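Dropping query_10.txt in here (compact mmCIF, C-alpha atoms):
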```txt
# COMPACT_ATOMS: atom_id res chain seq x y z
CA MET A 1 19.43 0.80 -31.01
CA VAL A 2 20.96 2.38 -27.92
CA ASN A 3 18.21 1.01 -25.67
CA GLU A 4 18.82 -2.50 -27.01
CA VAL A 5 22.51 -2.21 -26.15
CA LYS A 6 21.73 -0.91 -22.66
CA ASN A 7 19.57 -3.99 -22.07
CA MET A 8 22.33 -6.42 -23.06
CA PRO A 9 23.73 -8.65 -20.27
CA ALA A 10 27.23 -7.21 -20.82
CA ALA A 11 25.89 -3.67 -20.32
CA ASN A 12 24.75 -4.60 -16.82
CA SER A 13 28.37 -5.18 -15.82
CA ILE A 14 29.87 -2.10 -17.46
CA PRO A 15 32.29 -0.38 -15.04
CA THR A 16 31.21 3.00 -13.69
CA GLN A 17 34.37 3.80 -11.75
CA LEU A 18 37.98 2.74 -11.69
CA LYS A 19 38.43 -0.82 -10.44
CA ARG A 20 41.16 -1.44 -7.91
CA ARG A 21 43.32 -4.54 -8.26
CA GLN A 22 44.07 -6.74 -5.31
CA PRO A 23 47.81 -6.88 -4.44
CA GLN A 24 48.09 -10.51 -5.55
CA GLN A 25 46.75 -9.58 -8.99
CA ARG A 26 49.60 -7.22 -9.86
CA ARG A 27 51.30 -8.07 -13.14
CA ARG A 28 54.55 -7.01 -14.69
CA GLY A 29 54.74 -5.23 -18.01
CA PRO A 30 53.56 -2.04 -19.70
CA PRO A 31 50.12 -0.53 -19.09
CA GLY A 32 47.29 -1.77 -21.29
CA ALA A 33 46.21 -5.39 -21.61
CA ASN A 34 48.45 -6.46 -18.73
CA MET A 35 46.85 -4.07 -16.26
CA MET A 36 44.11 -6.62 -15.52
CA PRO A 37 44.19 -10.45 -15.28
CA GLN A 38 43.76 -12.19 -18.63
CA ASP A 39 40.43 -13.75 -17.59
CA GLU A 40 38.79 -10.45 -16.59
CA PRO A 41 35.86 -9.61 -18.92
CA TRP A 42 36.68 -5.88 -18.74
CA ARG A 43 40.26 -5.09 -19.74
CA LEU A 44 42.15 -1.81 -19.37
CA SER A 45 43.80 -0.08 -22.32
CA ALA A 46 44.65 3.03 -20.29
CA TYR A 47 43.82 4.39 -16.85
CA GLY A 48 40.03 4.13 -16.46
CA ARG A 49 39.37 2.84 -20.02
CA TYR A 50 37.65 -0.56 -20.00
CA HIS A 51 37.02 -2.89 -22.95
CA CYS A 52 34.83 -6.00 -23.14
CA LEU A 53 36.04 -7.92 -26.19
CA GLU A 54 34.01 -10.31 -28.32
CA ASN A 55 35.39 -13.42 -26.62
CA HIS A 56 33.89 -12.18 -23.33
CA LEU A 57 30.52 -11.25 -24.80
CA GLY A 58 27.63 -13.67 -24.40
CA ASP A 59 25.49 -15.06 -27.22
CA GLU A 60 22.73 -12.53 -26.53
CA ASP A 61 25.22 -9.66 -26.56
CA VAL A 62 26.67 -10.76 -29.90
CA ARG A 63 23.19 -11.22 -31.37
CA VAL A 64 22.24 -7.62 -30.53
CA LEU A 65 25.53 -6.22 -31.83
CA GLU A 66 25.35 -8.18 -35.07
CA GLN A 67 21.87 -6.76 -35.67
CA ILE A 68 23.40 -3.29 -35.36
CA GLU A 69 26.23 -4.40 -37.63
CA GLN A 70 23.74 -5.12 -40.42
CA GLN A 71 22.98 -1.40 -40.53
CA ILE A 72 26.61 -0.40 -41.11
CA LEU A 73 27.61 -3.15 -43.55
CA PRO A 74 26.80 -1.03 -46.65
CA LEU A 75 29.36 1.49 -45.38
CA VAL A 76 31.93 -1.27 -44.81
CA GLU A 77 31.38 -2.82 -48.22
CA GLY A 78 31.59 0.54 -49.95
CA PHE A 79 34.83 1.43 -48.19
CA PHE A 80 36.65 -1.73 -49.27
CA ARG A 81 35.22 -1.81 -52.79
CA GLU A 82 36.25 1.78 -53.37
CA GLY A 83 39.91 1.27 -52.39
CA ASP A 84 42.46 4.06 -52.43
CA GLY A 85 45.11 2.78 -54.82
CA ASP A 86 47.55 2.10 -51.98
CA GLU A 87 46.92 -1.19 -50.22
CA SER A 88 50.54 -1.74 -49.19
CA LEU A 89 51.70 -2.03 -45.59
CA GLU A 90 53.52 0.93 -44.14
CA SER A 91 57.15 0.52 -43.16
CA CYS A 92 57.54 -0.84 -39.62
CA ASN A 93 59.70 -3.19 -37.59
CA THR A 94 58.33 -6.44 -38.97
CA THR A 95 58.72 -8.38 -42.19
CA THR A 96 56.18 -11.08 -41.43
CA LYS A 97 52.85 -11.10 -43.23
CA THR A 98 50.21 -13.15 -41.46
CA THR A 99 47.12 -14.69 -42.99
CA THR A 100 44.10 -14.87 -40.70
CA SER A 101 41.47 -17.60 -40.88
CA THR A 102 38.12 -16.39 -39.56
CA THR A 103 34.41 -17.06 -39.69
CA ASN A 104 33.56 -13.33 -39.33
CA SER A 105 33.63 -12.84 -43.11
CA ILE A 106 31.78 -9.75 -44.36
CA ILE A 107 32.58 -9.71 -48.07
CA ASP A 108 35.15 -11.69 -50.01
CA GLY A 109 38.52 -11.29 -48.28
CA ILE A 110 37.17 -8.91 -45.59
CA TYR A 111 36.42 -9.90 -42.01
CA ARG A 112 35.37 -8.33 -38.72
CA SER A 113 38.59 -8.17 -36.74
CA GLU A 114 37.14 -6.57 -33.63
CA LEU A 115 33.81 -6.27 -31.86
CA GLN A 116 33.69 -4.72 -28.41
CA LEU A 117 31.85 -2.68 -25.85
CA MET A 118 34.01 -0.08 -24.10
CA THR A 119 33.75 2.76 -21.63
CA ALA A 120 35.87 5.58 -20.21
CA VAL A 121 34.91 6.10 -16.57
CA PRO A 122 35.06 9.50 -14.81
CA GLY A 123 38.65 10.48 -14.13
CA SER A 124 40.06 8.19 -16.82
CA GLY A 125 43.33 9.06 -18.55
CA ASN A 126 44.42 9.51 -22.16
CA GLN A 127 45.27 6.54 -24.34
CA SER A 128 48.60 6.44 -26.11
CA TRP A 129 48.47 7.53 -29.74
CA HIS A 130 48.14 4.49 -31.97
CA LYS A 131 46.86 3.02 -35.23
CA ASP A 132 44.41 0.13 -35.36
CA ASN A 133 46.29 -1.32 -38.34
CA ARG A 134 49.25 -0.42 -40.54
CA ALA A 135 47.31 -1.64 -43.57
CA ARG A 136 44.10 -0.12 -44.89
CA GLY A 137 41.04 -1.13 -42.88
CA LEU A 138 37.93 0.47 -41.41
CA SER A 139 37.30 1.34 -37.75
CA ILE A 140 33.79 2.31 -36.62
CA ILE A 141 32.72 3.80 -33.29
CA ILE A 142 29.08 4.15 -32.25
CA PRO A 143 28.74 6.43 -29.20
CA LEU A 144 26.22 5.27 -26.59
CA VAL A 145 26.27 8.77 -25.07
CA ASP A 146 27.16 12.07 -26.72
CA PHE A 147 30.90 12.33 -27.46
CA THR A 148 32.36 15.66 -26.34
CA PRO A 149 35.86 17.00 -25.65
CA GLU A 150 34.98 17.00 -21.94
CA ASN A 151 34.08 13.30 -21.69
CA GLY A 152 37.04 12.20 -23.81
CA GLY A 153 35.74 11.77 -27.33
CA THR A 154 38.15 10.11 -29.76
CA GLN A 155 40.97 12.37 -30.99
CA LEU A 156 42.21 11.96 -34.58
CA LEU A 157 45.21 13.23 -36.52
CA LEU A 158 43.48 14.11 -39.77
CA GLY A 159 45.33 12.86 -42.84
CA SER A 160 47.66 10.55 -40.93
CA HIS A 161 46.24 7.47 -42.67
CA ASN A 162 48.46 8.08 -45.70
CA ASN A 163 51.55 8.96 -43.65
CA ASN A 164 51.74 12.40 -45.28
CA TRP A 165 53.37 14.58 -42.60
CA PRO A 166 52.44 18.01 -44.10
CA LEU A 167 48.82 16.91 -44.51
CA PHE A 168 48.17 15.72 -40.99
CA SER A 169 50.42 18.26 -39.28
CA ASN A 170 48.39 21.01 -40.92
CA GLY A 171 45.08 19.28 -40.14
CA GLY A 172 46.14 18.84 -36.55
CA ALA A 173 44.66 16.84 -33.72
CA ARG A 174 40.86 17.02 -33.64
CA VAL A 175 38.42 15.67 -31.07
CA ILE A 176 35.22 14.08 -32.35
CA ARG A 177 31.98 15.63 -31.14
CA ALA A 178 29.21 13.16 -32.05
CA PRO A 179 25.65 12.55 -30.79
CA THR A 180 24.44 9.30 -29.26
CA GLY A 181 23.89 6.55 -31.83
CA SER A 182 25.83 8.23 -34.63
CA VAL A 183 28.42 6.41 -36.74
CA VAL A 184 32.05 7.56 -36.57
CA ALA A 185 34.17 5.84 -39.23
CA TYR A 186 37.84 6.29 -40.11
CA ASP A 187 40.66 4.52 -41.93
CA SER A 188 42.38 2.11 -39.52
CA ARG A 189 45.75 3.68 -40.37
CA THR A 190 44.67 6.99 -38.82
CA VAL A 191 46.67 7.94 -35.73
CA HIS A 192 44.19 8.40 -32.88
CA ARG A 193 43.52 8.00 -29.17
CA GLY A 194 40.71 8.26 -26.64
CA LEU A 195 41.00 11.21 -24.27
CA GLY A 196 40.45 11.21 -20.53
CA ASN A 197 36.92 11.66 -19.19
CA GLU A 198 36.65 14.89 -17.19
CA THR A 199 32.92 14.55 -16.44
CA SER A 200 31.01 12.70 -13.70
CA GLU A 201 29.44 10.16 -16.08
CA GLY A 202 30.91 7.28 -18.09
CA ARG A 203 31.40 7.42 -21.87
CA PRO A 204 30.41 4.00 -23.31
CA ALA A 205 30.64 3.12 -27.00
CA LEU A 206 30.59 0.23 -29.45
CA ILE A 207 33.60 -0.51 -31.62
CA PHE A 208 33.62 -2.49 -34.88
CA CYS A 209 36.82 -3.02 -36.91
CA TYR A 210 37.14 -4.55 -40.38
CA ASP A 211 40.31 -5.66 -42.17
CA ARG A 212 41.53 -7.73 -45.07
CA VAL A 213 42.28 -11.36 -44.28
CA GLU A 214 45.84 -11.03 -45.63
CA THR A 215 46.61 -7.92 -43.50
CA PRO A 216 45.24 -8.49 -39.98
CA PRO A 217 45.87 -5.90 -37.28
CA PRO A 218 47.99 -4.44 -35.89
CA GLY A 219 50.55 -5.13 -38.65
CA CYS A 220 53.48 -3.67 -36.71
CA GLY A 221 55.58 -4.49 -33.66
CA THR A 222 56.46 -2.65 -30.49
CA LEU A 223 58.96 -0.21 -31.96
CA GLY A 224 56.53 0.90 -34.65
CA SER A 225 53.83 1.45 -32.03
CA VAL A 226 56.16 3.53 -29.89
CA GLY A 227 57.11 5.63 -32.92
CA THR A 228 53.44 6.29 -33.70
CA SER A 229 52.82 7.34 -30.10
CA TYR A 230 55.65 9.90 -30.13
CA GLN A 231 54.60 11.16 -33.56
CA GLY A 232 51.09 11.78 -32.22
CA ARG A 233 52.39 13.58 -29.16
CA LEU A 234 54.47 15.92 -31.28
CA VAL A 235 51.59 16.92 -33.56
CA ASP A 236 49.31 17.24 -30.53
CA ILE A 237 51.72 19.71 -28.91
CA LEU A 238 52.09 21.70 -32.12
CA THR A 239 48.38 21.95 -32.94
CA GLY A 240 46.55 22.02 -29.60
CA ALA A 241 44.99 19.14 -27.70
CA ARG A 242 41.23 19.56 -28.03
CA ASN A 243 40.28 21.15 -31.36
CA VAL A 244 36.79 19.85 -32.10
CA LEU A 245 35.70 17.86 -35.15
CA SER A 246 31.91 17.72 -35.54
CA PRO A 247 30.14 15.41 -38.01
CA LYS A 248 28.55 17.18 -40.97
```

Could I get this file's structure written as structure tokens?
Amino acid sequence: MVNEVKNMPAANSIPTQLKRRQPQQRRRGPPGANMMPQDEPWRLSAYGRYHCLENHLGDEDVRVLEQIEQQILPLVEGFFREGDGDESLESCNTTTKTTTSTTNSIIDGIYRSELQLMTAVPGSGNQSWHKDNRARGLSIIIPLVDFTPENGGTQLLLGSHNNNWPLFSNGGARVIRAPTGSVVAYDSRTVHRGLGNETSEGRPALIFCYDRVETPPPGCGTLGSVGTSYQGRLVDILTGARNVLSPK
């Protein structure tokens, strides 16, 4: 699987070091999507963190990734069929509920909301704490190299998906340690971030996200996102930055 991804056309252009913008390319606004021109295939989410989204992937890239997707679909279907008895949106600064029309349907009412190839280059910085969605969904990461605390494996606030402060403050912030080609899956409401890469090699990964058609991501506006970021920082300070979470 990993070798097939490495042979994809998109993998040949994966950044290995921080790209420098030309002066005329500078854009106003907060860091993230606006840090690179809109037509760039590799977009920054944080310093040194590059993402190639599905709309910039070629047909061959998508074909390879959808073959991999077939192997994780039983997990996706099981997650949504199981449910958790609480499908409601969390409170945030929006009252609008959007319905998404898509051809990426997985099972009835469920669609693939995100498909991307990403990397954190050496010297990259931490992402802001965030949730992929305020409604229940499933986020899946497949590491293309071993995830470690040193190369910036994903950091999760355990229990934060149900907004239960005592639960996730006690669980604390944990960094995923996962081998190449493993499947890391978590509820899209989980507060998380990618850490900076302190090694000399990049940390590429695949990301698949799945959501209900009636509750597309992110499900919350700017103020809600800022609140999540500060909430994550507080728990991170209280519990320690790089406690390790290894798959069983």

Could you check which residues have any atom within 8 Å of (33.9, -1.1, -24.7), counting all atoms listed in the file with coordinates taken straight from the file, and then list them as a JSON list (two decimals) with C-alpha atoms, in the frame of the given file?
```
[["chain", "number", "residue", "atom", "x", "y", "z"],
["A", 50, "TYR", "CA", 37.65, -0.56, -20.00],
["A", 51, "HIS", "CA", 37.02, -2.89, -22.95],
["A", 52, "CYS", "CA", 34.83, -6.00, -23.14],
["A", 53, "LEU", "CA", 36.04, -7.92, -26.19],
["A", 116, "GLN", "CA", 33.69, -4.72, -28.41],
["A", 117, "LEU", "CA", 31.85, -2.68, -25.85],
["A", 118, "MET", "CA", 34.01, -0.08, -24.10],
["A", 119, "THR", "CA", 33.75, 2.76, -21.63],
["A", 204, "PRO", "CA", 30.41, 4.00, -23.31],
["A", 205, "ALA", "CA", 30.64, 3.12, -27.00],
["A", 206, "LEU", "CA", 30.59, 0.23, -29.45],
["A", 207, "ILE", "CA", 33.60, -0.51, -31.62]]
```

Original post:
Counting only C-alpha atoms, what is within 6 Å of Asn151 (chain A), bar same-chain residues fewer than 4 positions away, as a PyMOL selection string?
Top reply: chain A and resi 197-199

Original post:
When you draw a straight line from CA of His56 (chain A) to CA of Leu156 (chain A), how long is it in Å?
Top reply: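 One can read the CA of His56 (chain A) to CA of Leu156 (chain A) distance as 27.9 Å.
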
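Here CA of Leu195 (chain A) stands at a distance of 20.5 Å from CA of Leu138 (chain A).
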
Using the file's own x, y and z axes, what box holds all listed atoms of region 194-207 of chain A with 8 Å on each side, keeping edges along x, y and z, and what are its centre and edge lengths in Å to one decimal, as JSON?
```
{"center_x": 35.2, "center_y": 7.2, "center_z": -22.7, "size_x": 27.6, "size_y": 31.4, "size_z": 33.9}
```

Original post:
Can you list, as a list in words, every protein, DNA or RNA residue that comes within 7 Å of region 2-14 of chain A when you count all atoms listed in the file, leaving out same-chain residues fewer than 2 positions away?
Top reply: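 Answer for this query is Thr16, Leu57, Asp61, Val64, Leu144 and Gly181 of chain A.
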
Original post:
Suppose you want the space between CA of Ile110 (chain A) and CA of Glu77 (chain A); what is it in Å?
Top reply: 8.8 Å

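Residue nearest Val145 (chain A) within the list A:Gly159, A:Gly172, A:Gly196, A:Gly202: A:Gly202 [criterion: smallest interatomic distance, only C-alpha atoms].
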